[in-house]
Each structure stands twice: as structure tokens, then as C-alpha cells.
>>> print(open('final-v9.cif').read())   # mmCIF, C-alpha atoms
data_query
loop_
_atom_site.label_atom_id
_atom_site.label_comp_id
_atom_site.auth_asym_id
_atom_site.auth_seq_id
_atom_site.Cartn_x
_atom_site.Cartn_y
_atom_site.Cartn_z
CA MET A 1100 88.55 60.62 115.94
CA SER A 1101 87.59 57.63 118.03
CA GLU A 1102 88.51 59.24 121.36
CA PRO A 1103 85.40 60.25 123.33
CA ALA A 1104 84.65 63.96 123.60
CA VAL A 1105 85.75 65.47 126.90
CA LEU A 1106 83.77 68.60 126.16
CA ASP A 1107 80.70 68.72 123.96
CA VAL A 1108 78.95 72.00 123.17
CA LYS A 1109 75.64 71.58 121.39
CA ASP A 1110 73.57 74.39 119.88
CA VAL A 1111 74.45 76.87 122.59
CA SER A 1112 72.90 80.33 122.42
CA ILE A 1113 73.36 83.15 124.88
CA ARG A 1114 71.82 86.57 124.66
CA TYR A 1115 72.17 89.68 126.72
CA GLY A 1116 68.87 91.51 126.36
CA ARG A 1117 68.10 91.49 122.68
CA ARG A 1118 71.67 90.99 121.56
CA ALA A 1119 72.74 87.42 120.77
CA VAL A 1120 76.34 86.96 121.94
CA LEU A 1121 76.39 83.27 120.98
CA ASP A 1122 74.15 81.90 118.28
CA SER A 1123 73.73 78.11 118.05
CA VAL A 1124 77.37 77.26 118.68
CA SER A 1125 78.33 73.57 118.48
CA PHE A 1126 81.74 71.93 118.71
CA SER A 1127 83.52 69.29 120.73
CA VAL A 1128 86.97 68.69 122.14
CA SER A 1129 88.23 65.12 122.03
CA LYS A 1130 90.38 63.51 124.69
CA GLY A 1131 94.05 64.49 124.60
CA SER A 1132 93.57 67.18 121.97
CA VAL A 1133 94.13 70.94 121.97
CA TYR A 1134 91.25 73.09 120.69
CA ALA A 1135 91.98 76.77 120.00
CA MET A 1136 89.05 79.16 119.77
CA LEU A 1137 89.86 82.32 117.86
CA GLY A 1138 87.85 85.48 117.45
CA ARG A 1139 88.03 89.22 117.61
CA ASN A 1140 87.26 91.05 120.83
CA GLY A 1141 83.52 90.93 121.38
CA ALA A 1142 83.08 87.85 119.20
CA GLY A 1143 81.63 85.92 122.16
CA LYS A 1144 84.71 84.11 123.52
CA SER A 1145 84.31 85.34 127.11
CA SER A 1146 80.63 84.41 127.26
CA LEU A 1147 81.51 80.98 125.91
CA VAL A 1148 84.21 80.49 128.56
CA ARG A 1149 81.78 81.55 131.31
CA ALA A 1150 79.27 79.03 130.02
CA LEU A 1151 81.93 76.27 129.96
CA LEU A 1152 82.73 77.05 133.60
CA GLY A 1153 79.05 76.80 134.53
CA VAL A 1154 78.72 80.41 135.65
CA GLN A 1155 76.65 81.48 132.66
CA ARG A 1156 73.54 79.49 131.83
CA PRO A 1157 72.95 79.15 128.10
CA GLU A 1158 69.52 80.25 127.02
CA LYS A 1159 69.39 77.36 124.61
CA GLY A 1160 71.48 74.23 124.00
CA ARG A 1161 73.66 72.20 126.36
CA ILE A 1162 77.26 71.84 127.40
CA THR A 1163 78.41 68.38 128.43
CA THR A 1164 81.76 68.00 130.16
CA PHE A 1165 83.03 64.53 131.15
CA GLY A 1166 79.47 63.40 130.37
CA LEU A 1167 78.02 65.82 132.94
CA SER A 1168 76.10 69.07 132.52
CA ALA A 1169 78.32 72.14 132.91
CA TRP A 1170 75.43 74.00 134.54
CA ASP A 1171 73.59 71.38 136.63
CA ASP A 1172 76.69 69.50 137.79
CA ARG A 1173 78.93 72.51 138.11
CA VAL A 1174 80.75 71.42 141.29
CA ALA A 1175 81.60 67.95 140.02
CA VAL A 1176 82.70 69.32 136.65
CA MET A 1177 84.81 72.15 138.06
CA ALA A 1178 86.70 69.76 140.36
CA ARG A 1179 88.23 68.26 137.19
CA ILE A 1180 88.85 71.49 135.25
CA GLY A 1181 92.01 73.57 135.54
CA PHE A 1182 91.11 77.12 134.61
CA VAL A 1183 93.53 79.97 133.96
CA PRO A 1184 91.67 83.29 133.72
CA GLU A 1185 92.75 86.18 131.59
CA GLU A 1186 92.89 88.45 134.63
CA ALA A 1187 93.81 87.19 138.11
CA ASP A 1188 90.87 87.54 140.49
CA VAL A 1189 93.14 87.52 143.53
CA GLU A 1190 93.50 89.87 146.51
CA LYS A 1191 96.69 91.84 145.79
CA GLN A 1192 97.95 91.52 149.41
CA MET A 1193 97.66 87.76 149.28
CA SER A 1194 100.89 85.81 149.03
CA VAL A 1195 101.53 83.00 146.57
CA GLY A 1196 101.74 80.57 149.50
CA GLN A 1197 98.39 81.68 150.93
CA LEU A 1198 96.66 81.14 147.62
CA ILE A 1199 98.28 77.70 147.34
CA ASP A 1200 97.03 76.75 150.85
CA PHE A 1201 93.56 77.95 149.95
CA GLN A 1202 93.40 75.93 146.73
CA ARG A 1203 94.97 72.81 148.23
CA ALA A 1204 92.08 72.62 150.68
CA ILE A 1205 89.51 72.61 147.86
CA TYR A 1206 90.92 70.10 145.39
CA SER A 1207 91.09 66.41 146.19
CA ARG A 1208 93.65 65.48 143.55
CA TRP A 1209 96.15 68.15 144.57
CA ASP A 1210 99.79 67.42 143.69
CA GLU A 1211 102.15 69.56 145.75
CA SER A 1212 105.20 68.34 143.80
CA VAL A 1213 103.87 70.17 140.73
CA ILE A 1214 103.92 73.38 142.74
CA ASN A 1215 107.39 72.82 144.15
CA ARG A 1216 108.89 71.92 140.80
CA ARG A 1217 107.36 74.79 138.87
CA LEU A 1218 107.84 77.54 141.43
CA GLU A 1219 111.48 76.58 141.65
CA ARG A 1220 111.86 76.59 137.90
CA LEU A 1221 110.13 79.98 137.69
CA ALA A 1222 112.14 81.33 140.67
CA ILE A 1223 109.00 82.57 142.41
CA GLY A 1224 109.00 82.35 146.23
CA ARG A 1225 105.88 81.42 148.17
CA ARG A 1226 106.13 84.57 150.30
CA ARG A 1227 105.82 86.94 147.36
CA SER A 1228 102.55 88.85 147.37
CA PHE A 1229 100.58 89.11 144.15
CA LYS A 1230 101.13 92.84 143.90
CA THR A 1231 104.87 92.28 143.50
CA LEU A 1232 104.45 89.79 140.66
CA SER A 1233 104.74 90.81 137.03
CA LYS A 1234 101.87 89.99 134.73
CA GLY A 1235 103.80 87.04 133.34
CA GLU A 1236 104.68 85.71 136.80
CA SER A 1237 101.14 86.09 138.06
CA ARG A 1238 99.79 84.20 135.04
CA GLN A 1239 102.41 81.48 135.62
CA VAL A 1240 101.38 81.11 139.25
CA LEU A 1241 97.72 80.71 138.24
CA PHE A 1242 98.76 78.22 135.58
CA THR A 1243 100.81 76.28 138.16
CA LEU A 1244 97.81 76.18 140.51
CA ALA A 1245 95.63 74.86 137.69
CA LEU A 1246 98.15 72.11 136.88
CA ALA A 1247 98.51 71.08 140.54
CA THR A 1248 94.86 69.99 140.51
CA GLN A 1249 95.82 67.38 137.86
CA PRO A 1250 92.98 68.51 135.64
CA ASP A 1251 91.25 66.35 133.05
CA LEU A 1252 90.55 69.51 131.07
CA LEU A 1253 92.52 72.74 130.93
CA ILE A 1254 90.69 75.92 130.00
CA LEU A 1255 93.06 78.75 129.17
CA ASP A 1256 91.51 82.16 128.54
CA ASP A 1257 93.87 84.15 126.34
CA PRO A 1258 96.88 83.03 128.41
CA THR A 1259 99.49 85.12 126.60
CA LEU A 1260 97.54 88.38 126.43
CA GLY A 1261 99.71 91.30 127.49
CA LEU A 1262 102.83 89.16 128.02
CA ASP A 1263 106.22 90.14 126.62
CA ALA A 1264 108.13 87.75 124.35
CA VAL A 1265 110.10 86.17 127.22
CA SER A 1266 107.03 85.55 129.41
CA ARG A 1267 105.22 84.19 126.40
CA LYS A 1268 108.02 81.74 125.72
CA GLU A 1269 108.01 80.70 129.39
CA PHE A 1270 104.27 80.14 129.25
CA TYR A 1271 104.51 77.94 126.12
CA ASP A 1272 107.44 75.99 127.60
CA GLU A 1273 105.36 75.15 130.66
CA PHE A 1274 102.26 74.39 128.64
CA LEU A 1275 104.10 72.09 126.20
CA GLY A 1276 105.87 70.43 129.11
CA GLU A 1277 102.45 69.63 130.60
CA LEU A 1278 101.21 68.26 127.27
CA ALA A 1279 104.33 66.10 126.96
CA GLU A 1280 103.84 64.73 130.47
CA ARG A 1281 100.08 64.29 130.72
CA ARG A 1282 98.55 64.96 127.28
CA THR A 1283 95.98 67.11 129.04
CA THR A 1284 92.92 67.93 126.96
CA THR A 1285 92.94 71.70 126.44
CA PHE A 1286 90.51 74.39 125.35
CA ILE A 1287 92.30 77.66 124.72
CA THR A 1288 91.01 81.05 123.56
CA THR A 1289 93.69 83.26 122.14
CA HIS A 1290 94.76 86.24 120.07
CA ASP A 1291 98.23 84.74 119.63
CA LEU A 1292 97.58 82.99 116.33
CA SER A 1293 101.20 82.28 115.46
CA GLY A 1294 101.72 80.98 119.00
CA VAL A 1295 99.08 78.25 118.72
CA GLU A 1296 99.69 77.51 115.05
CA GLY A 1297 101.92 74.52 115.79
CA ILE A 1298 100.05 73.42 118.90
CA ALA A 1299 96.31 73.32 118.18
CA ASP A 1300 94.85 70.11 116.77
CA ARG A 1301 91.57 71.77 115.95
CA ILE A 1302 90.51 75.37 115.64
CA GLY A 1303 87.28 77.28 115.89
CA ILE A 1304 86.70 80.81 114.65
CA LEU A 1305 83.97 82.83 116.33
CA GLY A 1306 82.60 85.83 114.46
CA ASP A 1307 79.80 87.90 115.89
CA GLY A 1308 78.53 85.04 118.05
CA ARG A 1309 78.53 82.42 115.31
CA LEU A 1310 81.04 79.64 114.78
CA LEU A 1311 82.44 80.38 111.33
CA LEU A 1312 84.87 77.48 111.36
CA ASP A 1313 85.34 74.29 113.39
CA GLU A 1314 87.91 72.00 111.82
CA GLU A 1315 91.19 70.13 112.22
CA LEU A 1316 93.99 72.64 111.68
CA GLU A 1317 95.82 70.26 109.33
CA SER A 1318 92.78 70.13 107.05
CA VAL A 1319 92.27 73.91 107.18
CA LYS A 1320 95.91 74.36 106.17
CA GLY A 1321 95.37 71.97 103.29
CA ARG A 1322 92.47 73.80 101.70
CA PHE A 1323 93.27 77.52 102.05
CA ARG A 1324 95.65 79.04 99.50
CA LYS A 1325 96.76 82.39 98.18
CA ILE A 1326 96.92 82.12 94.42
CA ARG A 1327 98.85 84.66 92.40
CA ARG A 1328 98.34 84.87 88.67
CA VAL A 1329 98.58 87.39 85.87
CA ALA A 1330 95.31 89.31 85.49
CA GLY A 1331 94.64 87.94 82.00
CA ALA A 1332 95.07 84.25 82.94
CA ALA A 1333 92.17 81.97 83.75
CA PRO A 1334 90.86 82.65 87.26
CA ALA A 1335 91.30 80.10 90.01
CA SER A 1336 88.49 77.60 89.92
CA GLY A 1337 88.00 77.29 93.67
CA ASN A 1338 85.62 79.02 95.99
CA LEU A 1339 86.95 82.57 95.95
CA LEU A 1340 87.00 84.36 99.31
CA HIS A 1341 88.49 87.55 97.99
CA ALA A 1342 90.74 88.94 95.32
CA THR A 1343 93.23 91.81 95.31
CA ARG A 1344 94.56 93.38 92.14
CA TRP A 1345 98.19 94.39 92.25
CA GLY A 1346 99.45 95.85 88.99
CA GLU A 1347 99.12 93.10 86.40
CA TRP A 1348 98.84 90.52 89.16
CA VAL A 1349 95.77 89.24 90.90
CA GLU A 1350 95.99 87.60 94.28
CA GLU A 1351 93.07 85.38 95.16
CA VAL A 1352 92.25 83.55 98.35
CA VAL A 1353 90.41 80.26 97.90
CA ASP A 1354 89.21 77.92 100.62
CA ASP A 1355 88.87 74.70 98.62
CA PHE A 1356 92.23 74.40 96.94
CA ASP A 1357 93.22 71.26 95.10
CA SER A 1358 96.61 71.00 93.51
CA GLY A 1359 95.26 70.33 90.03
CA GLN A 1360 94.12 73.91 89.54
CA THR A 1361 97.37 75.84 89.57
CA ASP A 1362 98.56 75.86 85.98
CA HIS A 1363 100.25 79.16 85.23
CA ALA A 1364 99.69 80.35 88.76
CA GLU A 1365 101.60 80.27 92.02
CA ALA A 1366 99.80 78.91 95.04
CA THR A 1367 101.22 79.58 98.49
CA PRO A 1368 100.01 78.16 101.79
CA MET A 1369 98.55 80.58 104.31
CA SER A 1370 99.43 81.10 107.94
CA LEU A 1371 96.70 80.77 110.54
CA GLU A 1372 96.70 84.53 110.89
CA GLU A 1373 96.12 85.01 107.15
CA ILE A 1374 93.34 82.42 107.17
CA PHE A 1375 91.75 84.11 110.18
CA LEU A 1376 91.86 87.52 108.52
CA ALA A 1377 90.45 86.14 105.27
CA MET A 1378 87.56 84.45 107.06
CA VAL A 1379 86.68 87.17 109.53
CA GLY A 1380 87.16 89.92 106.94
CA GLN A 1381 84.90 88.08 104.52
CA GLU A 1382 82.24 87.67 107.19
CA GLU A 1383 82.18 91.35 108.09
CA LYS A 1384 81.58 92.43 104.53
CA ARG A 1385 78.26 90.63 104.48
CA MET B 1316 119.13 73.38 113.40
CA LEU B 1317 115.99 71.38 112.78
CA GLN B 1318 113.76 73.83 111.00
CA ILE B 1319 110.06 73.71 110.36
CA ASP B 1320 107.49 76.23 109.22
CA THR B 1321 104.23 76.04 111.14
CA ALA B 1322 102.58 78.29 108.54
CA ASP B 1323 103.28 75.80 105.74
CA SER B 1324 100.54 73.51 104.52
CA VAL B 1325 102.77 70.44 104.80
CA PRO B 1326 101.75 68.75 108.07
CA ILE B 1327 104.25 69.49 110.82
CA TRP B 1328 104.89 65.82 111.63
CA LYS B 1329 105.85 65.34 108.00
CA GLN B 1330 108.19 68.33 108.06
CA ILE B 1331 109.94 66.92 111.14
CA GLU B 1332 110.22 63.52 109.53
CA GLU B 1333 111.79 65.03 106.41
CA GLU B 1334 114.09 67.30 108.41
CA VAL B 1335 115.42 64.44 110.53
CA ARG B 1336 116.06 62.38 107.40
CA ARG B 1337 117.74 65.37 105.78
CA LEU B 1338 119.99 66.06 108.78
CA ILE B 1339 121.00 62.41 108.90
CA ALA B 1340 121.70 62.39 105.15
CA LEU B 1341 123.89 65.49 105.51
CA GLY B 1342 125.97 63.68 108.09
CA GLY B 1343 124.87 65.89 110.97
CA PHE B 1344 123.48 62.99 112.97
CA PRO B 1345 125.86 60.01 112.76
CA PRO B 1346 124.49 56.57 113.70
CA GLY B 1347 124.07 56.20 117.45
CA THR B 1348 123.58 59.92 118.10
CA ALA B 1349 120.78 60.81 120.50
CA VAL B 1350 118.01 62.95 119.02
CA PRO B 1351 116.31 65.57 121.24
CA SER B 1352 113.56 64.26 123.51
CA VAL B 1353 109.96 64.77 122.43
CA ARG B 1354 109.47 67.36 125.14
CA GLU B 1355 112.66 69.25 124.30
CA LEU B 1356 111.95 69.41 120.58
CA ALA B 1357 108.31 70.42 121.16
CA GLN B 1358 109.42 73.28 123.39
CA ARG B 1359 112.17 74.39 121.06
CA LEU B 1360 109.94 74.44 117.98
CA ARG B 1361 106.85 75.47 119.95
CA ILE B 1362 104.74 72.63 118.63
CA ASN B 1363 102.51 70.00 120.16
CA PRO B 1364 104.53 67.12 121.69
CA ALA B 1365 102.05 64.68 120.14
CA THR B 1366 103.18 65.91 116.72
CA VAL B 1367 106.84 65.25 117.53
CA ALA B 1368 105.93 61.85 118.94
CA LYS B 1369 104.09 61.00 115.72
CA ALA B 1370 107.11 61.93 113.57
CA TYR B 1371 109.49 59.94 115.83
CA GLN B 1372 107.14 56.96 115.75
CA ARG B 1373 107.10 56.97 111.95
CA LEU B 1374 110.89 57.32 111.82
CA THR B 1375 111.22 54.46 114.30
CA ASP B 1376 108.85 52.28 112.27
CA ALA B 1377 110.93 53.07 109.18
CA GLY B 1378 114.11 52.02 110.97
CA VAL B 1379 115.69 55.48 110.90
CA LEU B 1380 115.50 55.95 114.68
CA THR B 1381 115.76 53.41 117.48
CA VAL B 1382 114.21 53.74 120.92
CA ARG B 1383 116.29 52.44 123.82
CA ARG B 1384 114.06 52.07 126.84
CA GLY B 1385 114.89 54.50 129.62
CA GLU B 1386 117.67 56.05 127.57
CA GLY B 1387 115.99 57.93 124.77
CA THR B 1388 115.77 57.92 121.02
CA PHE B 1389 118.83 57.45 118.80
CA VAL B 1390 119.77 57.43 115.14
CA SER B 1391 119.84 53.77 114.10
CA ASP B 1392 123.18 52.10 113.49
CA ASP B 1393 122.12 51.60 109.94
CA PRO B 1394 119.56 54.30 109.22
CA VAL B 1395 117.47 53.20 106.30
CA ILE B 1396 117.83 55.30 103.20
CA PRO B 1397 114.41 56.61 102.15
CA SER B 1398 112.51 54.34 99.78
CA ALA B 1399 112.77 55.07 96.07
CA GLN B 1400 109.20 56.32 96.06
CA ASP B 1401 109.71 58.67 99.05
CA ARG B 1402 112.85 59.94 97.42
CA ASP B 1403 111.12 60.62 94.09
CA GLU B 1404 108.28 62.37 95.86
CA ALA B 1405 110.60 64.59 97.90
CA LEU B 1406 112.55 65.46 94.78
CA ALA B 1407 109.42 66.28 92.77
CA SER B 1408 107.85 68.44 95.49
CA GLY B 1409 111.08 70.38 96.02
CA ALA B 1410 111.37 70.85 92.26
CA ARG B 1411 107.82 72.22 92.07
CA ARG B 1412 108.63 74.77 94.77
CA TYR B 1413 111.77 75.84 92.93
CA ALA B 1414 109.92 75.96 89.60
CA ALA B 1415 107.40 78.35 91.17
CA VAL B 1416 110.25 80.65 92.20
CA THR B 1417 111.79 80.63 88.71
CA THR B 1418 108.41 81.49 87.18
CA THR B 1419 107.88 84.30 89.68
CA VAL B 1420 111.20 85.95 88.83
CA GLY B 1421 110.73 85.23 85.12
CA ALA B 1422 113.92 83.16 84.79
CA SER B 1423 114.56 81.17 81.61
CA GLU B 1424 114.99 77.43 81.84
CA ARG B 1425 118.70 77.83 81.22
CA GLU B 1426 119.07 80.35 84.05
CA ALA B 1427 117.05 78.13 86.36
CA VAL B 1428 119.21 75.09 85.66
CA ALA B 1429 122.42 77.12 86.06
CA ALA B 1430 121.29 78.47 89.44
CA LEU B 1431 120.41 74.95 90.56
CA ARG B 1432 123.84 73.68 89.48
CA ASP B 1433 125.52 76.46 91.50
CA ALA B 1434 123.45 75.63 94.54
CA LEU B 1435 124.38 71.95 94.24
CA ALA B 1436 128.06 72.89 93.96
CA GLU B 1437 127.79 74.87 97.21
CA MET B 1438 126.38 71.81 99.00
CA LYS B 1439 129.27 69.55 97.97
CA PRO B 1440 131.80 70.40 100.70
CA ARG B 1441 129.21 69.61 103.37
CA ARG B 1442 128.46 66.26 101.81
CA SER B 1443 132.09 65.17 102.03
CA HIS B 1444 131.92 65.33 105.85
CA ARG B 1445 130.19 61.96 105.86
#
>>> encode(input="final-v9.cif", output="C-alpha cells")
Amino acid sequence: MSEPAVLDVKDVSIRYGRRAVLDSVSFSVSKGSVYAMLGRNGAGKSSLVRALLGVQRPEKGRITTFGLSAWDDRVAVMARIGFVPEEADVEKQMSVGQLIDFQRAIYSRWDESVINRRLERLAIGRRRSFKTLSKGESRQVLFTLALATQPDLLILDDPTLGLDAVSRKEFYDEFLGELAERRTTTFITTHDLSGVEGIADRIGILGDGRLLLDEELESVKGRFRKIRRVAGAAPASGNLLHATRWGEWVEEVVDDFDSGQTDHAEATPMSLEEIFLAMVGQEEKR
Amino acid sequence: MLQIDTADSVPIWKQIEEEVRRLIALGGFPPGTAVPSVRELAQRLRINPATVAKAYQRLTDAGVLTVRRGEGTFVSDDPVIPSAQDRDEALASGARRYAAVTTTVGASEREAVAALRDALAEMKPRRSHR
């Protein structure tokens, strides 16, 4: 892509004591794109997010955001990032309005109309205290605050975790509305693989601190296939990730499918979740 | 109404493009009808608005849709029928999918053709709505 990278992570390693939580991770997020980082719990996503926000200094490597260092230029970088944390770090007694006043004072590009429009749409009053908000509402308020800063980069840390189906739909509606309006560059970590399947331009898969995959989703979808064939037939010629025997049938997962290799076999595309399981499962067997 | 499968390996913009053409061909979107806005369709299908915009752009370039500034996007007065090559490709790829199903269930060629003929017969009443 010719668009310049908004976020560029180069060779980043982080360790806690002797344990490496991130091991030489490199990827970049181009302007106007959505990057989804996937990984099991403990794969290193939270450490990565902390490093992107400049609160965790990488032991090795560098993170460049808007051409600035995430660590050395933290204040300048953070002024242009809209961050939605997994868990709200807000005093429970505080009202929505108080938090808005607090944030408005910090950010120079604050747009109050974003707040008015969204709070009205979400039917959340400014006088409500955080303790009376549901998980979904609280996440929406934090998301609204992040959008009001007119960010150049959105960082969403597992934004749908713990939300019911309705709150999840509301979150995606708001998020897609923002993308339609401003094409905001977004870095999102998530467990909701089917949720981001139609939204992410590029995906990364973290496994045990290493980046197992960093690729355009369209190209990933093009090369992974489940191939079903009768056990006696010639095996698939691709790079075999794993095979399952099922009666007289063999199901194989290959990651370099090309359509010429499917004589006498049935090849079906794989969902992001299936691809994730195939990759992470393969990695853990090593 | 407009259906896509985000788990499929066919790029989503391409699925939208084909779906819009299909719905127009079935008579569901007469010339001059407004199509959903990019934002609305993205939210409904839970896909990236840029993907919808790409599909609409291609359909506009192909003369199927027309953008009226400030009003929205509409089915062209004379939506262009897909090119012979596009049509052949769509037919061949659909046939391959169906062939895979017939192999899976172990149907004979005669059974496969009969089932296809039945399916075509079921479509007929809808076609006459044009």
C-alpha cells in the first residue's frame, strides 16, 4: 500500500524477568486501515497495547506513531490517539458529565457535537454515574470520549469482551459509523473473530509472544483451505498444517492453496476463526 | 436481502458487487431505485465501509449504479448487463460450487442435472416480475 504507516512497530521485545512476553514483533498499520491483532489470553496482546500507549518501554526495538517515538514523545503521540481500554479505569461515583468535562480540558481537538450526538443515540444521560452503567454502556461512553478527541489513530483493546449480543451490535454500529465518516486508522485487539472478519483489512496473530501471522485478510482468506478427500486419493500438494481422518475421509488444512490442486477433492474456504485455530493449534504442538 | 458470507474466500467487495447485480437482474431493484448508503449497508452487514464503497465504485464505473450528488446512489436507468466474460465466469464458478455438492452427496450426472432443472423451474415465477 502506498499510504504511509500511521503506526510502525519494529523488532519489539518485552520481557518480564526471564520470560519474553513479546519477541521481535514487527508490523505496521497504514493510514485509513483497520488492523486486528488476535491471540489467546497471555499471548502478549496487553503488553503490546501498553507499549503502543507509551506506558511500557520495550526492551528492544522501536514503536513509531505519526513519525514520533511512542515512548520518548508520549504526550504528543497520545494527544492524537483515541484509546478504549478493556476495563474502565474510572471512579465509580463519577458521572458521565464529570468525565466529559475532565477530558475536554485535556484534548485540544475536542468535538462536543460528537458527544451530544452519540449520548443521545445511546440514550445515556450526562448525570448517570458510572456505577449505574451496564458494561456495554460504560464501554460506549469510553468509546464516545475517544471519538470526541477526533483521533488520528484508534486503539481498541478487546472492545466487545463481555458484551451481550445487543451491546456488541451497538458497538459495531458506532465503530462502523465512525469509519464511514472519518476512515479513522484503527488498531484493535479482539477475541471476537467473526465480529472483525468483515472489518479488518489486515490481521496479526500473536502466539506466545511471537507474531505468527501479519497479512492482508483478503490474502489470508485466499490461501487457507480445508480439503476433503477420500483416504486413498492423492494427498493435497500444499503445505499441510494438519490432517484429520474421518472414516474413509481425510480432511486436510493447507495454507498455500491454489485452485489447480483440487482434482477429486472438495476445497472449502475457512473462516477467520478456523484459520486462527489451525495456526495457533499448530504452533502449540511444536 | 443482500447476503454475503464474510467467511468465504471470495473478497467481500466482489460478493457485494455480484449480489447487487443479482438483485437487479431478479427485478428487485428497478432502475432509479435508491440503494442503501455506504454507512447503512456497512452497519447492516457488519463490514468495513471502505469495502462497500469499493463495490459501489466498481458498480458505478460499470454503469450499473449512478451517483447523484447530495442525493445518494441509485440503480442506473439502463443498468448495464454484465459483460459476456463476467457472465461466463459467474456461471462457471457457480457450477463448480454445485458440482462439488453433487460429488459430496454422490449424485449421478443425471440426478445432478435433474435437480438443477427443478431449481431453475422454481426461479421462473420470480423472473416474470420484471
>>> residues_around(input="final-v9.cif", residues="range 1173-1188 of chain A", least_positions_apart="4", cutoff="8 Å", atoms="only C-alpha atoms", output="list of chain:residue names")
A:Leu1152, A:Gly1153, A:Thr1164, A:Phe1165, A:Leu1167, A:Ser1168, A:Ala1169, A:Tyr1206, A:Ser1237, A:Arg1238, A:Leu1241, A:Phe1242, A:Ala1245, A:Leu1246, A:Thr1248, A:Gln1249, A:Pro1250, A:Asp1251, A:Leu1252, A:Leu1253, A:Ile1254, A:Leu1255, A:Asp1256, A:Asp1257, A:Pro1258, A:Leu1260
>>> residues_near_point(input="final-v9.cif", point="(85.4, 73.1, 122.2)", cutoff="10 Å", atoms="all atoms listed in the file", output="compact mmCIF listing (two decimals) with C-alpha atoms, keeping the file's coordinate frame")
# COMPACT_ATOMS: atom_id res chain seq x y z
CA ALA A 1104 84.65 63.96 123.60
CA VAL A 1105 85.75 65.47 126.90
CA LEU A 1106 83.77 68.60 126.16
CA ASP A 1107 80.70 68.72 123.96
CA VAL A 1108 78.95 72.00 123.17
CA LYS A 1109 75.64 71.58 121.39
CA VAL A 1124 77.37 77.26 118.68
CA SER A 1125 78.33 73.57 118.48
CA PHE A 1126 81.74 71.93 118.71
CA SER A 1127 83.52 69.29 120.73
CA VAL A 1128 86.97 68.69 122.14
CA SER A 1129 88.23 65.12 122.03
CA VAL A 1133 94.13 70.94 121.97
CA TYR A 1134 91.25 73.09 120.69
CA ALA A 1135 91.98 76.77 120.00
CA MET A 1136 89.05 79.16 119.77
CA LEU A 1147 81.51 80.98 125.91
CA VAL A 1148 84.21 80.49 128.56
CA LEU A 1151 81.93 76.27 129.96
CA ILE A 1162 77.26 71.84 127.40
CA ILE A 1254 90.69 75.92 130.00
CA THR A 1285 92.94 71.70 126.44
CA PHE A 1286 90.51 74.39 125.35
CA ILE A 1287 92.30 77.66 124.72
CA THR A 1288 91.01 81.05 123.56
CA ARG A 1301 91.57 71.77 115.95
CA ILE A 1302 90.51 75.37 115.64
CA GLY A 1303 87.28 77.28 115.89
CA ASP A 1313 85.34 74.29 113.39
>>> resolve_selection(input="final-v9.cif", expression="the PyMOL selection byres ((chain B) within 9 of (chain A))", output="ChimeraX atom specification")
/B:1320-1327,1353-1355,1357-1366,1415-1416,1418-1419
>>> resolve_selection(input="final-v9.cif", expression="the PyMOL selection byres ((chain A and resi 1305) around 9)", output="list in words")
Leu1121, Val1124, Met1136, Leu1137, Gly1138, Arg1139, Ala1142, Gly1143, Lys1144, Gly1303, Ile1304, Gly1306, Asp1307, Gly1308, Arg1309, Leu1310, Leu1311, Leu1312 and Val1379 of chain A
>>> atom_distance(input="final-v9.cif", atom1="CA of Gln1239 in chain A", atom2="CA of Arg1267 in chain A")
10.0 Å
>>> atom_distance(input="final-v9.cif", atom1="CA of Ala1405 in chain B", atom2="CA of Ala1436 in chain B")
19.7 Å
>>> atom_distance(input="final-v9.cif", atom1="CA of Leu1374 in chain B", atom2="CA of Glu1332 in chain B")
6.6 Å
>>> resolve_selection(input="final-v9.cif", expression="the PyMOL selection byres ((chain A and resi 1112) around 7)", output="PyMOL selection string")
chain A and resi 1110-1111+1113-1114+1121-1124+1157-1160
>>> residues_around(input="final-v9.cif", residues="Met1316 in chain B", least_positions_apart="3", cutoff="10 Å", atoms="all atoms listed in the file", output="ChimeraX atom specification")
/B:1319,1334,1338,1343
